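*Asks:* Sending over start.txt (compact mmCIF, C-alpha atoms and all ligand atoms).
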```txt
# COMPACT_ATOMS: atom_id res chain seq x y z
CA MET A 1 -52.21 -66.45 -66.10
CA THR A 2 -55.02 -63.94 -65.68
CA GLN A 3 -58.00 -64.39 -63.40
CA ALA A 4 -61.58 -64.40 -64.65
CA ASN A 5 -63.67 -61.39 -63.68
CA VAL A 6 -66.88 -62.42 -61.98
CA ALA A 7 -69.94 -60.30 -62.79
CA ALA A 8 -72.33 -59.74 -59.86
CA GLY A 9 -75.30 -62.11 -60.05
CA SER A 10 -73.59 -64.42 -62.53
CA CYS A 11 -73.60 -68.20 -63.04
CA ALA A 12 -70.06 -68.50 -61.60
CA ASP A 13 -71.26 -70.47 -58.56
CA THR A 14 -74.53 -71.90 -59.86
CA PRO A 15 -74.84 -75.54 -58.71
CA VAL A 16 -74.70 -77.98 -61.62
CA LEU A 17 -77.54 -80.43 -62.30
CA ARG A 18 -75.70 -83.67 -63.14
CA GLN A 19 -77.62 -86.20 -65.25
CA ARG A 20 -76.31 -89.64 -66.14
CA GLY A 21 -79.02 -91.28 -68.25
CA GLN A 22 -79.58 -91.97 -71.90
CA HIS A 23 -77.94 -89.34 -74.10
CA GLU A 24 -78.28 -88.46 -77.77
CA VAL A 25 -75.10 -87.15 -79.38
CA PHE A 26 -72.77 -88.12 -82.23
CA CYS A 27 -69.59 -90.00 -81.34
CA GLY A 28 -65.99 -88.75 -81.50
CA LEU A 29 -65.36 -90.25 -84.94
CA THR A 30 -67.29 -87.29 -86.37
CA SER A 31 -64.42 -84.91 -85.58
CA ILE A 32 -62.25 -86.68 -88.19
CA ILE A 33 -64.31 -84.77 -90.76
CA TRP A 34 -62.77 -81.43 -89.79
CA LEU A 35 -59.47 -82.71 -88.35
CA HIS A 36 -58.28 -84.33 -91.58
CA ARG A 37 -58.55 -80.96 -93.33
CA LYS A 38 -56.23 -79.34 -90.80
CA MET A 39 -53.54 -82.02 -91.16
CA PRO A 40 -52.94 -82.66 -94.88
CA ASP A 41 -50.20 -85.23 -94.21
CA ALA A 42 -52.30 -87.34 -91.80
CA PHE A 43 -54.44 -90.45 -92.24
CA PHE A 44 -57.11 -91.57 -89.76
CA LEU A 45 -57.57 -95.33 -89.62
CA VAL A 46 -60.69 -96.18 -87.63
CA ILE A 47 -60.62 -99.66 -86.13
CA GLY A 48 -64.33 -100.29 -86.01
CA SER A 49 -67.49 -101.84 -87.31
CA ARG A 50 -69.58 -101.36 -90.43
CA THR A 51 -71.61 -98.77 -88.47
CA CYS A 52 -68.45 -96.68 -88.01
CA ALA A 53 -67.67 -96.94 -91.74
CA HIS A 54 -71.24 -95.88 -92.60
CA LEU A 55 -71.08 -92.93 -90.19
CA LEU A 56 -67.86 -91.65 -91.71
CA GLN A 57 -69.02 -92.14 -95.27
CA SER A 58 -72.37 -90.51 -94.82
CA ALA A 59 -71.11 -87.65 -92.64
CA ALA A 60 -68.05 -86.85 -94.74
CA GLY A 61 -69.25 -87.88 -98.17
CA VAL A 62 -67.24 -90.22 -100.35
CA MET A 63 -64.12 -88.65 -101.81
CA ILE A 64 -64.15 -89.40 -105.51
CA PHE A 65 -61.40 -87.21 -106.91
CA ALA A 66 -58.92 -87.19 -104.06
CA GLU A 67 -57.08 -89.97 -102.26
CA PRO A 68 -59.08 -90.45 -99.05
CA ARG A 69 -57.39 -89.55 -95.79
CA PHE A 70 -59.52 -91.64 -93.51
CA GLY A 71 -60.78 -95.18 -93.65
CA THR A 72 -62.19 -97.96 -91.49
CA ALA A 73 -60.56 -101.30 -90.79
CA ILE A 74 -63.64 -103.40 -90.06
CA LEU A 75 -63.31 -105.92 -87.28
CA GLU A 76 -65.84 -108.73 -87.59
CA GLU A 77 -67.33 -110.41 -84.51
CA THR A 78 -65.52 -113.60 -85.44
CA ASP A 79 -62.27 -111.73 -84.82
CA LEU A 80 -63.13 -111.71 -81.11
CA ALA A 81 -61.46 -115.04 -80.58
CA GLY A 82 -58.12 -114.00 -81.98
CA MET A 83 -56.81 -110.81 -80.44
CA ALA A 84 -53.21 -111.66 -81.36
CA ASP A 85 -54.36 -112.10 -84.96
CA ALA A 86 -56.08 -108.73 -84.80
CA GLN A 87 -52.78 -107.05 -83.89
CA THR A 88 -51.05 -108.79 -86.80
CA GLU A 89 -53.89 -107.77 -89.06
CA ILE A 90 -53.56 -104.10 -88.01
CA ASP A 91 -49.80 -104.27 -88.75
CA LEU A 92 -50.56 -105.72 -92.19
CA GLN A 93 -53.23 -103.15 -93.01
CA VAL A 94 -50.93 -100.30 -91.95
CA GLU A 95 -48.04 -101.76 -93.96
CA ARG A 96 -50.28 -102.01 -97.03
CA LEU A 97 -51.57 -98.45 -96.57
CA LEU A 98 -48.18 -96.84 -96.02
CA SER A 99 -46.50 -98.67 -98.89
CA ARG A 100 -49.18 -97.27 -101.24
CA ARG A 101 -49.30 -93.77 -99.76
CA SER A 102 -45.97 -92.02 -99.33
CA ASP A 103 -47.83 -88.76 -98.59
CA ILE A 104 -48.88 -90.06 -95.14
CA LYS A 105 -46.51 -88.73 -92.46
CA ARG A 106 -48.68 -89.31 -89.39
CA LEU A 107 -51.19 -92.01 -88.84
CA PHE A 108 -53.94 -92.04 -86.23
CA LEU A 109 -55.36 -95.36 -85.08
CA VAL A 110 -58.83 -94.43 -83.88
CA ALA A 111 -60.67 -96.76 -81.49
CA SER A 112 -64.45 -97.15 -81.59
CA CYS A 113 -67.11 -98.79 -79.41
CA PRO A 114 -67.59 -102.40 -80.52
CA SER A 115 -66.53 -104.71 -77.70
CA GLU A 116 -63.93 -106.44 -79.87
CA VAL A 117 -62.23 -103.06 -80.46
CA ILE A 118 -62.34 -102.04 -76.80
CA LYS A 119 -60.31 -105.15 -75.99
CA LEU A 120 -57.56 -104.18 -78.44
CA ASP A 121 -54.59 -102.29 -77.02
CA LEU A 122 -54.18 -99.62 -79.71
CA GLU A 123 -51.71 -97.56 -77.63
CA THR A 124 -49.22 -100.40 -77.73
CA ALA A 125 -49.99 -101.00 -81.40
CA ALA A 126 -49.24 -97.32 -82.13
CA GLN A 127 -45.90 -97.49 -80.28
CA ARG A 128 -44.95 -100.67 -82.12
CA LEU A 129 -45.96 -99.24 -85.51
CA SER A 130 -44.15 -95.96 -84.79
CA ARG A 131 -40.93 -97.92 -84.20
CA MET A 132 -41.51 -99.97 -87.36
CA HIS A 133 -42.17 -96.95 -89.59
CA ALA A 134 -39.87 -94.32 -88.00
CA PRO A 135 -38.67 -91.82 -89.02
CA LYS A 136 -41.02 -91.51 -92.01
CA VAL A 137 -44.32 -91.94 -90.16
CA ARG A 138 -45.40 -91.18 -86.60
CA VAL A 139 -48.32 -93.30 -85.31
CA HIS A 140 -50.71 -92.14 -82.58
CA ALA A 141 -53.74 -93.81 -81.03
CA TYR A 142 -56.84 -92.28 -79.50
CA SER A 143 -60.48 -93.13 -78.92
CA GLY A 144 -63.43 -91.79 -80.89
CA SER A 145 -65.80 -94.28 -79.27
CA GLY A 146 -69.35 -93.16 -78.67
CA ILE A 147 -69.20 -94.73 -75.20
CA GLU A 148 -66.35 -92.44 -74.13
CA THR A 149 -66.68 -89.36 -76.30
CA THR A 150 -69.14 -86.93 -77.79
CA PHE A 151 -68.32 -85.68 -81.25
CA THR A 152 -66.16 -82.71 -80.28
CA GLN A 153 -64.29 -84.74 -77.66
CA GLY A 154 -62.85 -86.71 -80.58
CA GLU A 155 -60.77 -83.61 -81.37
CA ASP A 156 -59.70 -83.36 -77.74
CA SER A 157 -58.55 -87.00 -77.67
CA CYS A 158 -56.70 -86.57 -80.97
CA LEU A 159 -54.90 -83.37 -79.92
CA ALA A 160 -54.09 -84.81 -76.48
CA ALA A 161 -52.43 -87.81 -78.18
CA MET A 162 -50.32 -85.40 -80.26
CA ALA A 163 -49.60 -83.10 -77.30
CA ALA A 164 -48.02 -85.94 -75.36
CA ASP A 165 -45.57 -86.41 -78.22
CA LEU A 166 -44.44 -82.84 -78.96
CA PRO A 167 -40.77 -81.87 -78.60
CA THR A 168 -39.68 -79.80 -75.61
CA GLY A 169 -38.37 -76.28 -76.15
CA THR A 170 -37.57 -73.05 -74.31
CA ASP A 171 -38.82 -70.46 -76.78
CA ASP A 172 -41.17 -67.84 -75.40
CA GLY A 173 -44.30 -68.00 -77.51
CA LEU A 174 -48.00 -68.67 -77.89
CA LEU A 175 -49.57 -71.97 -78.86
CA VAL A 176 -53.17 -71.56 -80.03
CA VAL A 177 -54.98 -74.84 -79.43
CA GLY A 178 -57.97 -75.98 -81.49
CA ALA A 179 -58.94 -76.56 -85.11
CA LEU A 180 -60.44 -73.54 -86.89
CA PRO A 181 -61.54 -73.14 -90.51
CA ASP A 182 -58.58 -71.80 -92.55
CA VAL A 183 -60.19 -68.42 -93.21
CA VAL A 184 -60.84 -67.87 -89.49
CA GLN A 185 -57.36 -69.05 -88.56
CA ASP A 186 -55.86 -66.52 -91.00
CA GLN A 187 -57.92 -63.71 -89.47
CA MET A 188 -56.79 -64.72 -85.98
CA MET A 189 -53.12 -64.86 -87.01
CA ASN A 190 -53.45 -61.42 -88.58
CA LEU A 191 -54.95 -59.98 -85.36
CA LEU A 192 -52.25 -61.56 -83.17
CA ASP A 193 -49.56 -60.29 -85.52
CA ARG A 194 -50.89 -56.73 -85.46
CA ILE A 195 -51.14 -56.84 -81.67
CA GLY A 196 -47.51 -57.99 -81.53
CA VAL A 197 -47.84 -61.44 -79.91
CA PRO A 198 -44.54 -63.23 -80.60
CA ASN A 199 -43.89 -66.66 -82.09
CA VAL A 200 -47.47 -67.91 -82.60
CA LYS A 201 -47.92 -71.62 -83.36
CA ILE A 202 -51.05 -73.73 -83.77
CA LEU A 203 -52.10 -77.19 -82.62
CA PRO A 204 -53.10 -79.14 -84.73
CA HIS A 205 -50.09 -78.17 -86.86
CA ALA A 206 -50.43 -78.55 -90.62
CA ASP A 207 -46.93 -79.90 -91.25
CA SER A 208 -45.86 -82.86 -89.12
CA SER A 209 -42.17 -82.14 -89.84
CA ASN A 210 -42.51 -78.80 -88.03
CA PRO A 211 -44.22 -79.48 -84.69
CA PRO A 212 -44.54 -76.76 -82.05
CA ALA A 213 -42.14 -77.17 -79.11
CA ILE A 214 -43.52 -77.05 -75.58
CA GLY A 215 -41.74 -75.84 -72.46
CA LYS A 216 -42.10 -73.69 -69.36
CA ASN A 217 -42.06 -70.51 -71.48
CA THR A 218 -44.92 -71.67 -73.70
CA LYS A 219 -48.29 -70.06 -73.12
CA ILE A 220 -51.36 -71.78 -74.50
CA ALA A 221 -54.70 -70.23 -75.46
CA LEU A 222 -57.65 -72.48 -76.32
CA VAL A 223 -60.05 -71.46 -79.09
CA GLN A 224 -62.40 -74.41 -78.53
CA PRO A 225 -64.04 -75.12 -75.18
CA PHE A 226 -63.86 -78.93 -75.46
CA LEU A 227 -60.09 -79.33 -75.17
CA GLY A 228 -59.62 -80.05 -71.45
CA GLU A 229 -57.61 -83.25 -71.90
CA THR A 230 -55.29 -81.51 -74.38
CA ALA A 231 -54.84 -78.52 -72.04
CA THR A 232 -53.91 -80.89 -69.21
CA ALA A 233 -51.34 -82.71 -71.39
CA LEU A 234 -49.75 -79.40 -72.44
CA GLU A 235 -49.73 -78.07 -68.86
CA ARG A 236 -48.07 -81.31 -67.76
CA ALA A 237 -45.35 -80.60 -70.33
CA GLY A 238 -44.72 -77.23 -68.64
CA ALA A 239 -46.92 -74.81 -70.63
CA SER A 240 -49.16 -72.31 -68.83
CA ARG A 241 -52.76 -71.76 -69.89
CA ILE A 242 -54.11 -68.27 -70.48
CA VAL A 243 -57.49 -67.93 -68.75
CA ALA A 244 -60.02 -66.20 -71.00
CA PRO A 245 -63.58 -66.43 -72.31
CA PHE A 246 -63.79 -68.11 -75.71
CA PRO A 247 -63.53 -65.85 -78.78
CA PHE A 248 -67.18 -65.74 -79.83
CA GLY A 249 -68.81 -62.41 -80.63
CA GLU A 250 -67.26 -58.98 -80.21
CA LYS A 251 -66.96 -59.11 -76.43
CA GLY A 252 -65.65 -62.68 -76.24
CA THR A 253 -63.07 -62.02 -78.96
CA THR A 254 -61.89 -58.77 -77.36
CA ALA A 255 -61.58 -60.41 -73.90
CA TRP A 256 -59.66 -63.36 -75.43
CA LEU A 257 -57.25 -61.07 -77.30
CA ILE A 258 -56.68 -58.88 -74.22
CA ALA A 259 -55.95 -61.92 -72.02
CA VAL A 260 -53.46 -63.23 -74.61
CA ALA A 261 -51.83 -59.80 -75.05
CA GLU A 262 -51.48 -59.23 -71.30
CA ALA A 263 -49.77 -62.62 -70.91
CA PHE A 264 -47.04 -61.17 -73.14
CA GLY A 265 -46.89 -57.78 -71.39
CA ILE A 266 -48.93 -55.98 -74.07
CA SER A 267 -51.55 -53.53 -72.76
CA ALA A 268 -55.32 -53.87 -73.14
CA GLN A 269 -55.39 -50.33 -74.56
CA HIS A 270 -53.08 -51.36 -77.38
CA VAL A 271 -55.44 -54.25 -78.23
CA LEU A 272 -58.41 -51.86 -78.23
CA ASN A 273 -56.55 -49.45 -80.54
CA VAL A 274 -55.54 -52.18 -83.00
CA THR A 275 -58.99 -53.79 -83.10
CA GLU A 276 -61.19 -50.68 -83.13
CA ALA A 277 -62.44 -51.04 -86.71
CA ALA A 278 -63.03 -54.79 -86.41
CA ARG A 279 -64.87 -54.34 -83.10
CA ASN A 280 -67.17 -51.73 -84.65
CA ARG A 281 -67.88 -53.99 -87.62
CA ALA A 282 -68.66 -56.93 -85.32
CA ARG A 283 -70.91 -54.87 -83.03
CA HIS A 284 -72.82 -53.50 -86.01
CA ALA A 285 -73.27 -56.97 -87.59
CA VAL A 286 -74.43 -58.50 -84.29
CA SER A 287 -76.87 -55.66 -83.57
CA LYS A 288 -78.62 -56.23 -86.93
CA GLU A 289 -79.20 -59.91 -86.16
CA ALA A 290 -79.97 -59.27 -82.49
CA GLU A 291 -83.23 -57.55 -83.49
CA ALA A 292 -84.71 -61.06 -83.82
CA LEU A 293 -83.09 -62.29 -80.59
CA THR A 294 -83.47 -59.53 -77.99
CA GLY A 295 -86.01 -60.36 -75.31
CA ARG A 296 -86.29 -64.02 -76.42
CA THR A 297 -85.44 -67.13 -74.37
CA VAL A 298 -83.11 -70.00 -75.26
CA PHE A 299 -82.73 -73.60 -73.99
CA PHE A 300 -79.57 -75.60 -74.77
CA PHE A 301 -79.55 -79.41 -74.90
CA PRO A 302 -76.03 -80.85 -74.40
CA ASP A 303 -74.31 -81.51 -77.70
CA SER A 304 -71.05 -79.85 -78.75
CA GLN A 305 -69.64 -78.42 -75.47
CA LEU A 306 -69.88 -75.00 -77.11
CA GLU A 307 -73.07 -74.38 -75.14
CA ILE A 308 -71.72 -72.27 -72.26
CA PRO A 309 -69.62 -69.85 -74.36
CA LEU A 310 -72.50 -69.53 -76.85
CA ALA A 311 -74.96 -68.85 -74.03
CA ARG A 312 -72.54 -66.16 -72.84
CA PHE A 313 -72.61 -64.63 -76.33
CA LEU A 314 -76.42 -64.77 -76.64
CA THR A 315 -77.11 -63.36 -73.16
CA THR A 316 -74.46 -60.62 -73.02
CA GLU A 317 -74.32 -59.54 -76.69
CA CYS A 318 -77.70 -60.43 -78.20
CA GLY A 319 -80.14 -59.64 -75.36
CA MET A 320 -81.42 -63.21 -74.90
CA THR A 321 -82.27 -64.97 -71.62
CA ALA A 322 -80.99 -68.50 -71.09
CA LEU A 323 -83.39 -70.93 -69.37
CA GLU A 324 -81.19 -74.04 -69.34
CA ILE A 325 -77.61 -74.49 -70.54
CA GLY A 326 -76.82 -78.17 -70.96
CA SER A 327 -73.31 -79.40 -71.70
CA PRO A 328 -72.19 -83.02 -72.22
CA TYR A 329 -69.29 -82.37 -69.85
CA LEU A 330 -68.60 -79.25 -67.83
CA ASP A 331 -64.94 -78.44 -67.19
CA ARG A 332 -65.06 -75.56 -64.71
CA ARG A 333 -61.37 -74.73 -65.28
CA LEU A 334 -62.11 -73.81 -68.88
CA MET A 335 -65.65 -72.50 -68.46
CA ALA A 336 -65.18 -70.19 -65.45
CA PRO A 337 -64.64 -66.95 -67.46
CA ASP A 338 -67.77 -67.51 -69.58
CA LEU A 339 -69.90 -68.68 -66.65
CA ALA A 340 -68.85 -65.56 -64.75
CA GLU A 341 -70.42 -63.37 -67.45
CA ILE A 342 -73.77 -65.18 -67.83
CA PRO A 343 -76.51 -63.56 -65.75
CA GLN A 344 -77.86 -65.74 -62.93
CA GLY A 345 -81.05 -67.68 -63.63
CA PRO A 346 -80.57 -70.61 -66.05
CA VAL A 347 -80.28 -74.23 -64.97
CA ILE A 348 -76.71 -75.34 -65.68
CA SER A 349 -76.79 -79.06 -66.48
CA GLU A 350 -74.09 -81.58 -67.30
CA GLY A 351 -74.64 -84.90 -69.05
CA GLN A 352 -78.10 -86.00 -70.05
CA ASP A 353 -81.13 -88.00 -69.11
CA VAL A 354 -82.93 -87.24 -72.33
CA GLU A 355 -86.54 -87.93 -71.29
CA LYS A 356 -86.23 -85.78 -68.15
CA GLN A 357 -84.58 -83.01 -70.13
CA LEU A 358 -87.29 -83.13 -72.78
CA ASP A 359 -89.84 -82.64 -69.98
CA ARG A 360 -87.90 -79.61 -68.72
CA ALA A 361 -87.67 -78.19 -72.26
CA ARG A 362 -91.42 -78.58 -72.80
CA ALA A 363 -92.14 -76.91 -69.46
CA ALA A 364 -89.66 -74.09 -70.18
CA LYS A 365 -91.25 -73.32 -73.59
CA ALA A 366 -88.19 -71.40 -74.73
CA ASP A 367 -88.46 -69.28 -77.87
CA LEU A 368 -85.45 -71.18 -79.25
CA THR A 369 -84.23 -74.68 -78.39
CA VAL A 370 -80.68 -75.63 -79.45
CA CYS A 371 -80.36 -79.41 -79.79
CA GLY A 372 -79.00 -82.34 -81.77
CA LEU A 373 -80.43 -83.50 -85.10
CA GLY A 374 -82.32 -86.41 -83.55
CA LEU A 375 -84.33 -84.18 -81.22
CA ALA A 376 -84.92 -81.22 -83.54
CA ASN A 377 -87.59 -82.71 -85.82
CA PRO A 378 -89.80 -84.15 -83.06
CA LEU A 379 -89.58 -80.86 -81.14
CA GLU A 380 -90.43 -78.85 -84.26
CA ALA A 381 -93.45 -81.12 -84.72
CA GLU A 382 -94.51 -80.15 -81.19
CA GLY A 383 -94.38 -76.49 -82.22
CA MET A 384 -91.00 -75.59 -80.78
CA THR A 385 -88.41 -73.57 -82.73
CA THR A 386 -85.07 -75.36 -82.87
CA LYS A 387 -81.50 -74.82 -83.97
CA TRP A 388 -79.26 -77.76 -84.94
CA ALA A 389 -76.29 -77.62 -82.62
CA ILE A 390 -74.00 -79.42 -85.07
CA GLU A 391 -74.27 -76.51 -87.52
CA LEU A 392 -72.49 -74.35 -84.96
CA VAL A 393 -69.49 -76.67 -85.11
CA PHE A 394 -69.34 -76.87 -88.90
CA SER A 395 -69.81 -73.12 -89.52
CA PRO A 396 -67.09 -70.46 -89.14
CA VAL A 397 -68.22 -68.73 -85.92
CA HIS A 398 -65.09 -67.51 -84.08
CA PHE A 399 -63.60 -63.98 -83.89
CA TYR A 400 -64.84 -60.59 -85.07
CA GLU A 401 -65.65 -61.15 -88.73
CA GLN A 402 -67.95 -64.10 -87.96
CA ALA A 403 -69.79 -62.46 -85.01
CA GLY A 404 -72.72 -61.34 -87.16
CA ASP A 405 -73.01 -64.74 -88.85
CA LEU A 406 -72.99 -66.43 -85.44
CA ALA A 407 -75.89 -64.30 -84.23
CA GLY A 408 -77.58 -64.96 -87.59
CA LEU A 409 -77.44 -68.73 -87.06
CA PHE A 410 -79.67 -68.28 -84.01
CA ALA A 411 -81.84 -65.55 -85.54
CA ARG A 412 -82.72 -67.51 -88.69
CA PRO A 413 -84.99 -70.17 -87.10
CA LEU A 414 -86.85 -67.46 -85.18
CA ARG A 415 -87.40 -65.44 -88.37
CA ARG A 416 -88.48 -68.59 -90.23
CA ARG A 417 -91.00 -69.38 -87.49
CA ALA A 418 -92.37 -65.80 -87.58
CA LEU A 419 -92.84 -66.09 -91.38
CA LEU A 420 -94.64 -69.42 -91.04
CA GLU A 421 -96.97 -67.91 -88.45
CA VAL A 422 -97.74 -64.92 -90.70
CA ASN A 423 -98.45 -67.17 -93.68
CA ALA A 424 -100.47 -69.73 -91.71
S1 LIG A 501 -67.69 -95.42 -82.71
FE1 LIG A 501 -69.52 -96.34 -81.80
S2 LIG A 501 -71.08 -94.70 -81.91
FE2 LIG A 501 -69.44 -94.16 -83.34
S3 LIG A 501 -70.12 -95.02 -85.31
FE3 LIG A 501 -68.75 -96.56 -84.36
S4 LIG A 501 -70.18 -97.92 -83.27
FE4 LIG A 501 -71.34 -96.04 -83.71
```
Any chance you could put this one into structure tokens?
*Replies:*
Amino acid sequence: MTQANVAAGSCADTPVLRQRGQHEVFCGLTSIIWLHRKMPDAFFLVIGSRTCAHLLQSAAGVMIFAEPRFGTAILEETDLAGMADAQTEIDLQVERLLSRRSDIKRLFLVASCPSEVIKLDLETAAQRLSRMHAPKVRVHAYSGSGIETTFTQGEDSCLAAMAADLPTGTDDGLLVVGALPDVVQDQMMNLLDRIGVPNVKILPHADSSNPPAIGKNTKIALVQPFLGETATALERAGASRIVAPFPFGEKGTTAWLIAVAEAFGISAQHVLNVTEAARNRARHAVSKEAEALTGRTVFFFPDSQLEIPLARFLTTECGMTALEIGSPYLDRRLMAPDLAEIPQGPVISEGQDVEKQLDRARAAKADLTVCGLGLANPLEAEGMTTKWAIELVFSPVHFYEQAGDLAGLFARPLRRRALLEVNA
């Protein structure tokens, strides 16, 4: 495990403003939209309400040509009286689904927020169904409820449920933890291969018949900053976590690769030699976009939990100044390396009391405000320039080849605003 370097005058020890009021974020069900693509043999069965079904359908679109790999078992309020019946009903629905779909090798029962669902013990249901359908299908349960999770935490809960069920092993190797778009994952694997990192596996794994084994020789590296519960489950199984900033931008990617390499006894100089061309490309691409960002200020509302690593990228690679960095949940274990690089000054806030935060945003008058969909339009109407945080989750933004695009996602609204002002 390497230690984070702490830059002088950084946010490493900045006190955190904790807010526990009304918050405006999507729920954890949303993460099914990208998770189902990473696990082609999985099905996500949401036990929820019509609202949950609508959310999934409108966010993911309706699959017309392919067999869907997620669905909602709708629990009506009248079901409240009969919890035993609800368990039988889940068994029946699962039986019906699996008998029709032999391609399903792992099934996730996903809990949601309606009170009738909260009362259901889905963990026990998953264990029972796993026994009933073993060895063909493995059943896991986790919560995507909006009461307990923000949208990226859905991935954390899902991966943590899988992590608790992985086989034990003694192989020395690296487990990269977090879902990435396929093209980005391929680039990462290519970099790790050229650096010489041995035996690289990924969680979530694409093929359920070939799960990564975890043991005291396993080293894990997170690529997403919202995976604290998963990291804890893997550490409990004996793995050790590599401490590193997250691989955004040229500097973040280089620091992440060096931390991984050093954990396997490979020198930083070797990483720099192997990555020289990619680093130059990334720096060049970022510098072009940074023309619109340098000297500007940014305010982050809490949304995806990517906020702190992205603020690190914007302040240390794009010349921006952060005024407030809000995160739905701040896990200092994972965030320390990025916080240690962000220059002192911004408010670091955790959770949300949306009205109070809106007041702070209006007073701050940042050049760019990064926020959820629900806040963006009203703030634009007030004359503020906004960036939809959710776009940062659905766009390929990790590692060298995406560094320029990542800067571009922040530069675009500022350029658009400048054009509107010229044409006004
Ligand atoms: S889980 Fe809760 S927040 Fe999410 S769609 Fe269902 S009811 Fe709404």
*Asks:* Please return as a count of residues only the residues found within 12 Å of ligand LIG 501 (chain A), counting all atoms listed in the file.
*Replies:* 48
*Asks:* When you count all atoms listed in the file, which of these residues is closest to Cys158 in chain A: A:Val370, A:Met132, A:Leu227, A:Leu222?
*Replies:*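 Smallest separation from Cys158 in chain A among the options: A:Leu227.
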*Asks:* Extract, using all atoms listed in the file, all DNA, RNA and protein residues at most 12 Å from Asn210 in chain A, discarding same-chain residues fewer than 3 positions from it, and format them as a ChimeraX atom specification.
*Replies:* /A:39,41,105,166-167,201-207,213
*Asks:* Please provide the set of residues having any atom within 12 Å of Glu341 in chain A, restricted to all atoms listed in the file, with same-chain residues fewer than 3 positions apart removed, written as a PyMOL selection string.
*Replies:* chain A and resi 4-13+244-246+251-252+255+308-317+335-338+344
*Asks:* Using all atoms listed in the file, which protein or nucleic acid residues come within 12 Å of Glu380 in chain A? Drop anything in the same chain fewer than 5 positions from it, and give the result as a list of chain:residue names.
*Replies:*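 Those residues are A:Arg362, A:Asp367, A:Leu368, A:Thr369, A:Val370, A:Cys371, A:Leu373, A:Gly374, A:Leu375, A:Thr385, A:Thr386, A:Lys387, A:Trp388, A:Pro413, A:Leu414, A:Arg417.
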*Asks:* Once you count all atoms listed in the file, which residues end up no further than 12 Å from (-68.6, -53.4, -87.5) in the file's frame, shown as a list in words?
*Replies:*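 Answer for this query, in the requested form: Gly249, Glu250, Thr275, Glu276, Ala277, Ala278, Arg279, Asn280, Arg281, Ala282, Arg283, His284, Ala285, Val286, Ser287, Lys288, Tyr400, Glu401, Gln402, Ala403 and Gly404 of chain A.
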*Asks:* For Ala263 in chain A, please output as a PDB file with C-alpha atoms, in the frame of the given file all residues within 12 Å (counting all atoms listed in the file; exclusion window: fewer than 6 positions along the same chain).
*Replies:*
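Done, and the output landed in result_23.pdb:
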```
ATOM      1  CA  MET A   1     -52.210 -66.450 -66.100  1.00  0.00           C
ATOM      2  CA  THR A   2     -55.020 -63.940 -65.680  1.00  0.00           C
ATOM      3  CA  GLN A   3     -58.000 -64.390 -63.400  1.00  0.00           C
ATOM      4  CA  ASP A 172     -41.170 -67.840 -75.400  1.00  0.00           C
ATOM      5  CA  GLY A 173     -44.300 -68.000 -77.510  1.00  0.00           C
ATOM      6  CA  LEU A 174     -48.000 -68.670 -77.890  1.00  0.00           C
ATOM      7  CA  GLY A 196     -47.510 -57.990 -81.530  1.00  0.00           C
ATOM      8  CA  VAL A 197     -47.840 -61.440 -79.910  1.00  0.00           C
ATOM      9  CA  PRO A 198     -44.540 -63.230 -80.600  1.00  0.00           C
ATOM     10  CA  ASN A 217     -42.060 -70.510 -71.480  1.00  0.00           C
ATOM     11  CA  THR A 218     -44.920 -71.670 -73.700  1.00  0.00           C
ATOM     12  CA  LYS A 219     -48.290 -70.060 -73.120  1.00  0.00           C
ATOM     13  CA  ILE A 220     -51.360 -71.780 -74.500  1.00  0.00           C
ATOM     14  CA  ALA A 221     -54.700 -70.230 -75.460  1.00  0.00           C
ATOM     15  CA  SER A 240     -49.160 -72.310 -68.830  1.00  0.00           C
ATOM     16  CA  ARG A 241     -52.760 -71.760 -69.890  1.00  0.00           C
ATOM     17  CA  ILE A 242     -54.110 -68.270 -70.480  1.00  0.00           C
ATOM     18  CA  VAL A 243     -57.490 -67.930 -68.750  1.00  0.00           C
ATOM     19  CA  ALA A 244     -60.020 -66.200 -71.000  1.00  0.00           C
ATOM     20  CA  TRP A 256     -59.660 -63.360 -75.430  1.00  0.00           C
ATOM     21  CA  LEU A 257     -57.250 -61.070 -77.300  1.00  0.00           C
TER      22      LEU A 257
END
```
*Asks:* For CA of Trp34 in chain A and CA of Thr230 in chain A, quote the distance in Å rounded to one decimal.
*Replies:*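 Here the two named atoms are 17.1 Å from each other.
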*Asks:* Extract, using all atoms listed in the file, all DNA, RNA and protein residues at most 10 Å from Phe226 in chain A, discarding same-chain residues fewer than 2 positions from it, and format them as a ChimeraX atom specification.
*Replies:* /A:150-157,178,222-224,228-231,304-306,328-331,334-335
*Asks:* List every protein, DNA or RNA residue that has at least one atom no more than 10 Å from (-52.5, -54.1, -87.6) in the file's coordinates, counting only C-alpha atoms, and write the result as a list in words.
*Replies:*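 I get Asn190, Leu191, Leu192, Asp193, Arg194, Ile195, Gly196, Val271, Asn273, Val274 and Thr275 of chain A for the residues within 10 Å of that point.
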*Asks:* Between CA of Arg20 in chain A and CA of Ala363 in chain A, what distance in Å does the model show, to one decimal?
*Replies:* 20.6 Å
*Asks:* State, in Å with one decimal place, the distance from CA of Glu95 in chain A to CA of Pro68 in chain A.
*Replies:*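 About the pair CA of Glu95 in chain A and CA of Pro68 in chain A: they are 16.6 Å apart.
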*Asks:* Go through A:Ser99, A:Asn377, A:Ile214, A:Phe300 and flag the residue nearest Ala389 in chain A, using only C-alpha atoms for the distances.
*Replies:*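 Selected residue with least distance to Ala389 in chain A: A:Phe300.
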